[in-house]
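The block underneath contains the structure these notes are about, expressed in structure tokens.
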Amino acid sequence: MPRRYLVFVLLSALFVPTPPLQAAKKKPAPKPRFDSPDIPFRMAPMPATSRSIAVSLSSNLHLAFDTELCRTHTVWQGKGLHLLGPQYSMAKRPFISTNDAPVVWTMPPMPTWSADEPGNGNEKRLQARYRAVSSKGGFTTFMYNLEVGGETVNVHETPQHLRLDDMDFVVRRISVSKYAKDLWFAAQSEFGRISQIPGPANGFLTTRKEKPILVTFVKASRKSVIVSDVNGGVEYDELVYTEQGAEKGHRSIKRSGRLGTGWIKVPPHNGPLVFEVITYARPEGSGKMRLDPKLLFAAIDRPNMKSPVTRIKDRPTAKPEPLPASPIPSMSMASTRSYRVEAFPIPKETEMLVTGMDFMENGDLVVCTWIGDVYIIKNATKKVQAARYLKYATGLCEPMGVAVREGEIYVGLKNELAKLTDTDNNGTADLIERVHAGWTYTGHYNAFSYGPVLDKNNDFVLANAGHSAHWNTKYAGWGFRIAADGSKLTPICSGFREPNGIGVFGPDRDVFITDNQGAWVGACRMDHVAPGKFHGHPSGWPSKEAEYGKHTKMDPPAIWFPYKLARSTTGLAEITSDEFGPFKGQLMVGDFQNAIVTRVQLEKVNGDYQGAVWPFLKRFQSGVNRLAFGPDGKLYVGGCQRTWASIAVRPFALERVSFTGHLPFEVQEVHVKTDGFELTFTKPVDPETAGDPESYDVLQYNYKYHASYGSPEFDHDGKKDSATSIDVTAAEVAQGNKSVRLRVKGWKTGYVTMVRSLDVRSRRDEKLENNTFWYTLNALPEG
């Protein structure tokens, strides 16, 4: 057996994945997490809609708002939202958050506003467009627009809690901007009968089977007209977001019966008009209303009176103090002679599962976390012990990326691209504005949206996971661009499975994505995001439905990562400074499972990118997930792990890599030629060892494109778990002993080309720090 091939077989054997363990005993159901009372809201998927925002009005009363239809879809008592999913409960399933406590009332999945007077259910309802959620002043406010008669009407809806006479009330304070005609608001709509309350009280009763009667009052500065019980018998299909249905659409439930609706007429007004809708469940067995509406209205007007009213304490709005670094020392084991790695002593209570990083102009580091927090790390470029951790935002839906643009912070959430703003300058974001949400969010734990990054036009580029999706999952598996002003979403390319890494490269800020091995993806790969490309995994609409899952070819990646090196590639960052050593113009790419950072060099061949990957640093404290270069020229490495395995020991970490000044002996870069490679080294080589063809082992293999999970390596003859040995015919040393021209015979395009240089030495007899690289040989240069 040739020596080159024997080396390859032995090394491959060392990295054969271990077989799965035998099925263990059934584990107990994961325990949900509950938000603390100081969190103003939580974005999370719920059975009623994946784009829900839950608010704890008090410790015992909670409300969930649907940002798709701009309706309050559920009010319940007892514990708050059961937060489920790997980021909360340490288990992948269940992942739909639920409210298991007693439900007080619900609303059907219908728009709640109309420009026509209601009657017989034929009113033309207005489609509201959700804009933002605010926590300013200690209360949560939902902001949305109504497009009516060529005009835009702004609506602010603020749910609050009021306790009076041992009863709990939901008070929805609604502000409507100027409009010269009547509008109608469906304050309550449920199966049952709704009747207007007789007498001077402005409100209605809702009679429901097997539930307490609801009592609703309307408090308005102007006379509002109540129209009740106008829908009669209706029938409609309701989509319910379920654990089983999230992959292939959702379970549809047919609803039918008498749907009663209590409408409120909002009269024409020249300025903002405010009214309040007060709802409570009348205790069982009560023959009449127990409450005088005048007392209720007085309580709302005078919320601070000691008796008989108590209200939930306003959430704190004072400027928070940043958390200091943890007093527990943290040592990094990833350092080498050339690169020093420092670990930030992160306060345990931050639970900093890093999913995104970017720098402010002043050097502060912005970090978003998997559990939905955004931190601003003060003094990030100073000594790691000097760092201070300010929680800037919370309650977000699994952000997977953050970008700072012109001083503003943007986060990519599963459910939307959002802008965070601190409107009252107290150090925390109190306004979360939706920039765009034009894709389907199923609520599945794998329905990640990665990014954003900023392209050369300052537009946002993101990528959605195609894993666990379906063709009718809009933009699943797509890379897409959102205009800088949020006005338009443009699909770019498709075929991504789990693109858990996105970054820019070069003067034109070309966007690249790293994808993870799995079905249709033979090994981890890096792809150039370019119009019309297909990267392998079946993607959702607007891909062709007839071709879904029937693919026979794909566009090759710029880089294939060997599975023995990188098993779950993640974030990437370009080296743009000489302060990081001899690799300016190349990329750092993380790997989650092996807790390493790799080095990637790209070049364009016949107009398309391809290139090589080397090992770089290993033994990071947590699964390497995000990378960012700071204004100090140093690399910041953010890590996390939950339900996905990593060889690292810590649940989360933040580390900083700096060049020590000691120049490593490495292959600095490689360029493909028609008959081999040109290798450039960081130091002069020993001409005898570097000029000997026997010092180099060159092998080629590729991956099979199929629907199965991953792929073995195949040689030129299609033999599984094998590679073809390529003859090295010459090794010519040149350019002051810093360049070697390798000439080979028998190689083919369309294969990964591994080059190992075990015997090459520097002029000072140093071994290569990393003696192997893998070049993705898609094409040879023409001419």
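The chains in the structure tokens are called A, B, ... from first to last as shown; in each chain the residues are counted from 1, and the ligands are counted from 1 in the order shown.
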
Can you tell me, as JSON, numbers by chain, what residues are no more than 7 Å from Pro491 in chain A when counting only C-alpha atoms, ignoring any on the same chain fewer than 2 positions away?
{"A": [478, 479, 480, 481, 489, 493]}

Got time to write the residues from that selection, N, CA, C and O atoms, as a PDB file, in the first residue's frame?
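What ended up in part38.pdb:
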ATOM      1  N   TRP A 478     -33.490  29.527   2.319  1.00  0.00           N
ATOM      2  CA  TRP A 478     -33.090  30.598   1.408  1.00  0.00           C
ATOM      3  C   TRP A 478     -32.150  31.598   2.088  1.00  0.00           C
ATOM      4  O   TRP A 478     -32.290  31.895   3.276  1.00  0.00           O
ATOM      5  N   GLY A 479     -31.256  32.140   1.296  1.00  0.00           N
ATOM      6  CA  GLY A 479     -30.561  33.359   1.648  1.00  0.00           C
ATOM      7  C   GLY A 479     -31.285  34.508   0.991  1.00  0.00           C
ATOM      8  O   GLY A 479     -31.681  34.413  -0.183  1.00  0.00           O
ATOM      9  N   PHE A 480     -31.497  35.603   1.723  1.00  0.00           N
ATOM     10  CA  PHE A 480     -32.293  36.691   1.161  1.00  0.00           C
ATOM     11  C   PHE A 480     -31.780  38.039   1.666  1.00  0.00           C
ATOM     12  O   PHE A 480     -31.095  38.124   2.684  1.00  0.00           O
ATOM     13  N   ARG A 481     -32.149  39.059   0.919  1.00  0.00           N
ATOM     14  CA  ARG A 481     -31.735  40.435   1.226  1.00  0.00           C
ATOM     15  C   ARG A 481     -32.965  41.238   1.632  1.00  0.00           C
ATOM     16  O   ARG A 481     -34.025  41.144   1.002  1.00  0.00           O
ATOM     17  N   LEU A 489     -38.137  42.472   0.634  1.00  0.00           N
ATOM     18  CA  LEU A 489     -37.352  41.254   0.807  1.00  0.00           C
ATOM     19  C   LEU A 489     -37.120  40.643  -0.564  1.00  0.00           C
ATOM     20  O   LEU A 489     -38.069  40.428  -1.327  1.00  0.00           O
ATOM     21  N   CYS A 493     -30.581  33.106  -3.075  1.00  0.00           N
ATOM     22  CA  CYS A 493     -30.220  31.740  -3.454  1.00  0.00           C
ATOM     23  C   CYS A 493     -30.805  30.779  -2.432  1.00  0.00           C
ATOM     24  O   CYS A 493     -31.185  31.171  -1.332  1.00  0.00           O
TER      25      CYS A 493
END

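Note that CA of Ser135 in chain A and CA of Thr394 in chain A are 10.6 Å apart.
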
Within 8 Å of range 589-606 of chain A, counting only C-alpha atoms, which residues show up once you throw out same-chain ones fewer than 4 positions away? Write them as a ChimeraX atom specification, please.
/A:558,565-573,585,610-627,639,644-648,669-671,779-782

For Leu663 in chain A, work out the shell of residues within 8 Å, counting only C-alpha atoms and skipping chain neighbours fewer than 5 positions away, then give it as a ChimeraX atom specification.
/A:338,581-582,682

Could you write those residues out with N, CA and C atoms, as a JSON list (two decimals), in the first residue's frame?
[["chain", "number", "residue", "atom", "x", "y", "z"],
["A", 338, "SER", "N", 2.12, 31.62, 19.23],
["A", 338, "SER", "CA", 1.83, 32.75, 18.34],
["A", 338, "SER", "C", 0.53, 33.46, 18.67],
["A", 581, "GLY", "N", -1.41, 38.96, 12.72],
["A", 581, "GLY", "CA", -0.43, 38.02, 12.19],
["A", 581, "GLY", "C", -0.40, 38.03, 10.66],
["A", 582, "PRO", "N", 0.10, 36.94, 10.07],
["A", 582, "PRO", "CA", 0.40, 36.95, 8.63],
["A", 582, "PRO", "C", -0.75, 36.53, 7.73],
["A", 682, "THR", "N", 5.08, 31.29, 5.51],
["A", 682, "THR", "CA", 5.28, 32.50, 6.33],
["A", 682, "THR", "C", 6.75, 32.75, 6.61]]
